[in-house]
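Encoded as structure tokens, the structure appears first; notes follow it.
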Amino acid sequence: MIKLLRLEYLKFRRNRVFRIMALLYLLLLPGLLVVGFNIKGIPEELGSIEQFFIFPTIWSLLAYLGNWLSFFFLGIVGVLSITLEFEHRTLRQNIITGLSRPQFFGAKWIWLFTLSALATLYYVLVAGVTGLLFTETIYLSKVAEGLSNIGRYGLMTLAYASFGWLVGTLLRRTGLALFSYLIYAFFVELLIRWALHFQYFPHPSMHYYPLNAFEDLAQPPIPQIAKEFMRENDFSLYLSTNEAVVIALAYLFLFWALIYWRMRRSDL
Amino acid sequence: MTILKIQQLQKRYGPIKALDRLDLQVEAGQVFGLLGPNGSGKTTTMGIILDVLRSDGGHYEWFGGLPPHRARRRIGALLETPNFYPYLNADDNLAIIAHIKDHSQTDFGELLRIVNLEDRRQSLFRTYSLGMKQRLAIAAALVGNPDVLVLDEPTNGLDPQGIVEVRQTILDIARSGKTILLASHMLDEVEKTCSHVAILQNGRLLAQGPVGAIIHQELTVELACTNRAGLMALLRDLDFVSQVKAEEEYLLCQTARLENVAEINRRAFAAGLVLHHLRARNNSLESEFLALTKANNAAS
């Protein structure tokens, strides 16, 4: 696996788009916190802005901000990691040179897993430092309260990257795959969920769609609003975190199985 | 030792049979040409034995049954176009090839010198001309000093100078004892570089064997004299001459050996027929190829 990871590193270390993606993620994750901290006039019932930056709330606040960044950057990296190989016909060349198809799959998997792990480590670093700076008295129990966010954040980043990988594997063309990835997230899934599923079958299963499940792994740190909505409408806006984890894992394994099957079966 | 054994290989693209129960065997040290017109199944065959295409039937084995991906690490291959990461330079691209092949090579100066790319080794692949890309692909095929080279139309798109260079490189490699499988639609290329040849048409094997056996050793003789009718009659009487026919400028006939050509000249002079043109030429692979494909078309 180390050999395969090094192979992917050799391929992409000098790729400008990958470098820009990494740089933007590194800058924007703390950058969004700075922007958030300077927001004036938040509703009174939400309390002061500082409370979002202390343990344990900082874990879920940064996870929620990181949710958007992961969707864009990890997802796009997932798409590009495979479509560039198709477009340059280097996937074909890798196989000719001596990789087996399962090895090629394994190389992509360990590459995206490692990027997701690094993105998660950075999230831990930024959230940890921010929490330490803003929390007056640090109780380990309070810090630990939000630690489950770390696992869910890791799962979320891997899920977005894998979804991008799947879209890229199915469509092969970079432009088409990126367009489809974004269109699916912003329109297709929302339309299916709210215009079809909710209209004809208003059941909590309308939240079981992949990107919604991934998004619900990191929910906004203002659950009281959601709880109020649930009480009033007897209907949940979000999956519970446990539901989100189970559903996201199920989708992940499904995506990997589809990619693997496609990789084994198709002409390159 | 058998390097590659292909048995009953089949591939369809929709209704089209790209390969129709193909059998081939390549032995160590051969420079084996896969010859056929475009669409005859050469690249499909190579794609399948290099695992980028899935066959619909039959099987192949490398080196007596080595797992295919391990076998491919002992093979240097150039299939159709050169495929590299455009944002990397020659060294970085070759490092990826070496890494996949489990080869510890880190200095590619010698390889790049062989293909005349040493001066451009730090340039990004996307800045290369087609000829340079093709030459880098040949360098890539040589990474790790492979036992076997698989080359698909290696001179495609090259200028005459590039063609000569690439052919010379292939011949040099062949002399070092490596086995080479070369696909080409250029008869001349196969004739000049290969020891053995298989001829394909419409996915079917038409002939296979040493180039010398496929090219019949008969010579074509061109003759001309002022008395065409007399010369024609004389040639038809000679038992060591066959297929006498008149063309616009010359009479043509076939004979087995070069000594026979001298005998034709002597007999003609003795009969008072003074030749003003006499030329013996080898039958080209091209004529053999056309004859074979013609026979195949007639049979089907």
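Letters A, B, ... mark the chains of the structure tokens in the order given; residue numbers begin at 1 per chain; ligand numbers begin at 1, in order shown.
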Q | Shell around range 148-163 of chain A at 6 Å using only C-alpha atoms, local window under 4 positions removed, as an NGL selection string | A | :A and (70-71 or 74-75 or 78 or 116 or 120 or 214 or 217)
Same residues, N, CA, C and O atoms, output as a JSON list (two decimals), in the first residue's frame:
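Result went into selection_36.json, see below:
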[["chain", "number", "residue", "atom", "x", "y", "z"],
["A", 70, "SER", "N", -14.87, 20.52, 2.18],
["A", 70, "SER", "CA", -14.62, 19.13, 1.78],
["A", 70, "SER", "C", -15.42, 18.78, 0.54],
["A", 70, "SER", "O", -14.93, 18.08, -0.36],
["A", 71, "PHE", "N", -16.67, 19.26, 0.53],
["A", 71, "PHE", "CA", -17.50, 18.98, -0.65],
["A", 71, "PHE", "C", -16.80, 19.49, -1.91],
["A", 71, "PHE", "O", -16.71, 18.77, -2.91],
["A", 74, "LEU", "N", -12.23, 18.17, -1.60],
["A", 74, "LEU", "CA", -12.01, 16.72, -1.63],
["A", 74, "LEU", "C", -12.79, 16.08, -2.78],
["A", 74, "LEU", "O", -12.31, 15.18, -3.45],
["A", 75, "GLY", "N", -14.02, 16.59, -2.99],
["A", 75, "GLY", "CA", -14.84, 16.04, -4.08],
["A", 75, "GLY", "C", -14.18, 16.27, -5.43],
["A", 75, "GLY", "O", -14.08, 15.36, -6.26],
["A", 78, "GLY", "N", -11.24, 14.14, -5.84],
["A", 78, "GLY", "CA", -11.71, 12.78, -6.14],
["A", 78, "GLY", "C", -12.02, 12.62, -7.62],
["A", 78, "GLY", "O", -11.63, 11.64, -8.26],
["A", 116, "SER", "N", -7.92, 12.42, 2.75],
["A", 116, "SER", "CA", -9.01, 12.64, 3.71],
["A", 116, "SER", "C", -8.47, 12.66, 5.13],
["A", 116, "SER", "O", -8.87, 13.50, 5.95],
["A", 120, "THR", "N", -8.51, 15.76, 7.70],
["A", 120, "THR", "CA", -9.10, 15.60, 9.03],
["A", 120, "THR", "C", -8.10, 16.01, 10.12],
["A", 120, "THR", "O", -8.47, 16.68, 11.09],
["A", 214, "PHE", "N", -24.03, 12.53, 3.73],
["A", 214, "PHE", "CA", -22.66, 13.00, 3.98],
["A", 214, "PHE", "C", -22.69, 14.37, 4.68],
["A", 214, "PHE", "O", -21.92, 14.63, 5.60],
["A", 217, "LEU", "N", -23.35, 14.39, 8.35],
["A", 217, "LEU", "CA", -22.29, 13.93, 9.26],
["A", 217, "LEU", "C", -21.74, 15.11, 10.06],
["A", 217, "LEU", "O", -21.20, 14.93, 11.15]]
Q: Considering only C-alpha atoms, extract the chain A residues located within 9 Å of chain B and return them as a list in words.
A: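 Residues of chain A within 9 Å of chain B, counting only C-alpha atoms: Lys3, Leu4, Arg6, Leu7, Leu10, Lys11, Arg14, Asn15, Arg16, Leu84, Glu85, His88, Arg89, Thr90, Leu91, Arg92, Gln93, Asn94, Ile95, Ile96, Thr97, Gly98, Leu99, Ser100, Arg101, Arg265, Ser266, Asp267 and Leu268 of chain A.
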Write the residues you've just listed into a file as a tab-separated table (two decimals), in the first residue's frame, and include C-alpha atoms for each of them.
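Contents of selection28.tsv, as written:
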chain	number	residue	atom	x	y	z
A	3	LYS	CA	4.23	1.70	-2.75
A	4	LEU	CA	0.85	2.53	-4.27
A	6	ARG	CA	3.98	6.80	-3.31
A	7	LEU	CA	2.95	6.14	-6.90
A	10	LEU	CA	4.68	10.90	-7.78
A	11	LYS	CA	1.82	11.45	-10.20
A	14	ARG	CA	3.53	18.65	-9.31
A	15	ASN	CA	-0.05	19.03	-10.52
A	16	ARG	CA	-1.00	22.68	-10.25
A	84	LEU	CA	-6.99	13.04	-15.51
A	85	GLU	CA	-5.87	9.42	-15.78
A	88	HIS	CA	-4.20	11.48	-20.50
A	89	ARG	CA	-4.65	7.73	-21.03
A	90	THR	CA	-2.22	7.17	-18.20
A	91	LEU	CA	-4.55	4.68	-16.52
A	92	ARG	CA	-4.09	2.54	-19.59
A	93	GLN	CA	-0.34	3.12	-19.45
A	94	ASN	CA	-0.17	2.26	-15.74
A	95	ILE	CA	-1.80	-1.10	-16.48
A	96	ILE	CA	0.45	-1.73	-19.48
A	97	THR	CA	3.49	-0.90	-17.36
A	98	GLY	CA	2.60	-3.50	-14.77
A	99	LEU	CA	-0.13	-2.48	-12.35
A	100	SER	CA	-3.00	-4.90	-12.03
A	101	ARG	CA	-6.47	-3.38	-12.13
A	265	ARG	CA	-14.82	-5.10	-16.29
A	266	SER	CA	-14.26	-2.27	-18.70
A	267	ASP	CA	-11.95	-1.70	-21.64
A	268	LEU	CA	-9.51	1.10	-20.87
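Closest approach to Asp216 in chain A from the set A:Thr114, A:Asn38, A:Ser60, A:Ser48 is made by A:Ser60, with distances taken over only C-alpha atoms.
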Q.
Give me, as a PyMOL selection string, all polymer residues having an atom no more than 7 Å from range 246-263 of chain B, counting only C-alpha atoms and skipping those fewer than 5 positions away in the same chain.
A. chain B and resi 217-224+240-241
Q. Hey, what's within 10 Å of Gly58 in chain B if we count only C-alpha atoms and toss same-chain stuff fewer than 6 positions away? As a PyMOL selection string, please?
A. chain B and resi 6-11+20-23
Kindly save the residues from that selection, with N, CA and C atoms included, as an mmCIF file, in the first residue's frame.
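Final output, saved to again00.cif:
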data_model
loop_
_atom_site.group_PDB
_atom_site.id
_atom_site.type_symbol
_atom_site.label_atom_id
_atom_site.label_comp_id
_atom_site.auth_asym_id
_atom_site.auth_seq_id
_atom_site.Cartn_x
_atom_site.Cartn_y
_atom_site.Cartn_z
ATOM 1 N N ILE B 6 -0.836 -17.348 -27.486
ATOM 2 C CA ILE B 6 -2.215 -16.869 -27.617
ATOM 3 C C ILE B 6 -3.040 -17.994 -28.212
ATOM 4 N N GLN B 7 -4.168 -18.305 -27.562
ATOM 5 C CA GLN B 7 -4.996 -19.399 -28.075
ATOM 6 C C GLN B 7 -6.443 -18.962 -28.233
ATOM 7 N N GLN B 8 -6.932 -19.075 -29.444
ATOM 8 C CA GLN B 8 -8.354 -18.879 -29.743
ATOM 9 C C GLN B 8 -8.907 -17.545 -29.219
ATOM 10 N N LEU B 9 -8.113 -16.522 -29.309
ATOM 11 C CA LEU B 9 -8.500 -15.218 -28.761
ATOM 12 C C LEU B 9 -9.620 -14.597 -29.603
ATOM 13 N N GLN B 10 -10.636 -14.089 -28.886
ATOM 14 C CA GLN B 10 -11.782 -13.497 -29.587
ATOM 15 C C GLN B 10 -12.130 -12.149 -28.976
ATOM 16 N N LYS B 11 -12.569 -11.237 -29.840
ATOM 17 C CA LYS B 11 -13.041 -9.944 -29.347
ATOM 18 C C LYS B 11 -14.060 -9.399 -30.327
ATOM 19 N N ASP B 20 -10.887 -13.100 -34.373
ATOM 20 C CA ASP B 20 -11.658 -14.307 -34.634
ATOM 21 C C ASP B 20 -10.779 -15.540 -34.396
ATOM 22 N N ARG B 21 -10.792 -16.010 -33.151
ATOM 23 C CA ARG B 21 -10.054 -17.229 -32.765
ATOM 24 C C ARG B 21 -8.593 -17.180 -33.211
ATOM 25 N N LEU B 22 -7.921 -16.196 -32.698
ATOM 26 C CA LEU B 22 -6.528 -15.975 -33.085
ATOM 27 C C LEU B 22 -5.587 -16.866 -32.270
ATOM 28 N N ASP B 23 -4.686 -17.543 -32.959
ATOM 29 C CA ASP B 23 -3.614 -18.323 -32.315
ATOM 30 C C ASP B 23 -2.277 -17.739 -32.736
#
**Q.** Non-local contacts of Glu189 in chain A (12 Å; only C-alpha atoms; under 5 positions in same chain excluded) as a list in words
**A.** Ser180, Tyr181, Leu182, Ile183, Tyr184, Trp194, Ala195, Leu196, His197, Phe198, Met206, His207, Tyr208, Tyr209, Pro210, Leu211, Asn212 and Ala213 of chain A
Q | Spatial neighbours of Pro37 in chain B, max dist 12 Å, only C-alpha atoms, sep filter under 3 positions, as a list of chain:residue names | A |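 Listed by chain and then number, they are B:Leu34, B:Ser40, B:Gly41, B:Lys42, B:Thr43, B:Glu153, B:Ala183, B:Ser184, B:His185, B:Met186, B:Leu187, B:Ile199, B:Leu200, B:Gln201, B:Asn202, B:Gly203, B:Arg204, B:Glu286, B:Phe289, B:Leu290, B:Thr293.
CA of Arg173 in chain A sits 15.5 Å away from CA of Ile259 in chain A.
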Q.
One number please: CA of Gly39 in chain B to CA of Tyr13 in chain B, in Å, one decimal.
A.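 CA of Tyr13 in chain B lies 11.6 Å from CA of Gly39 in chain B.
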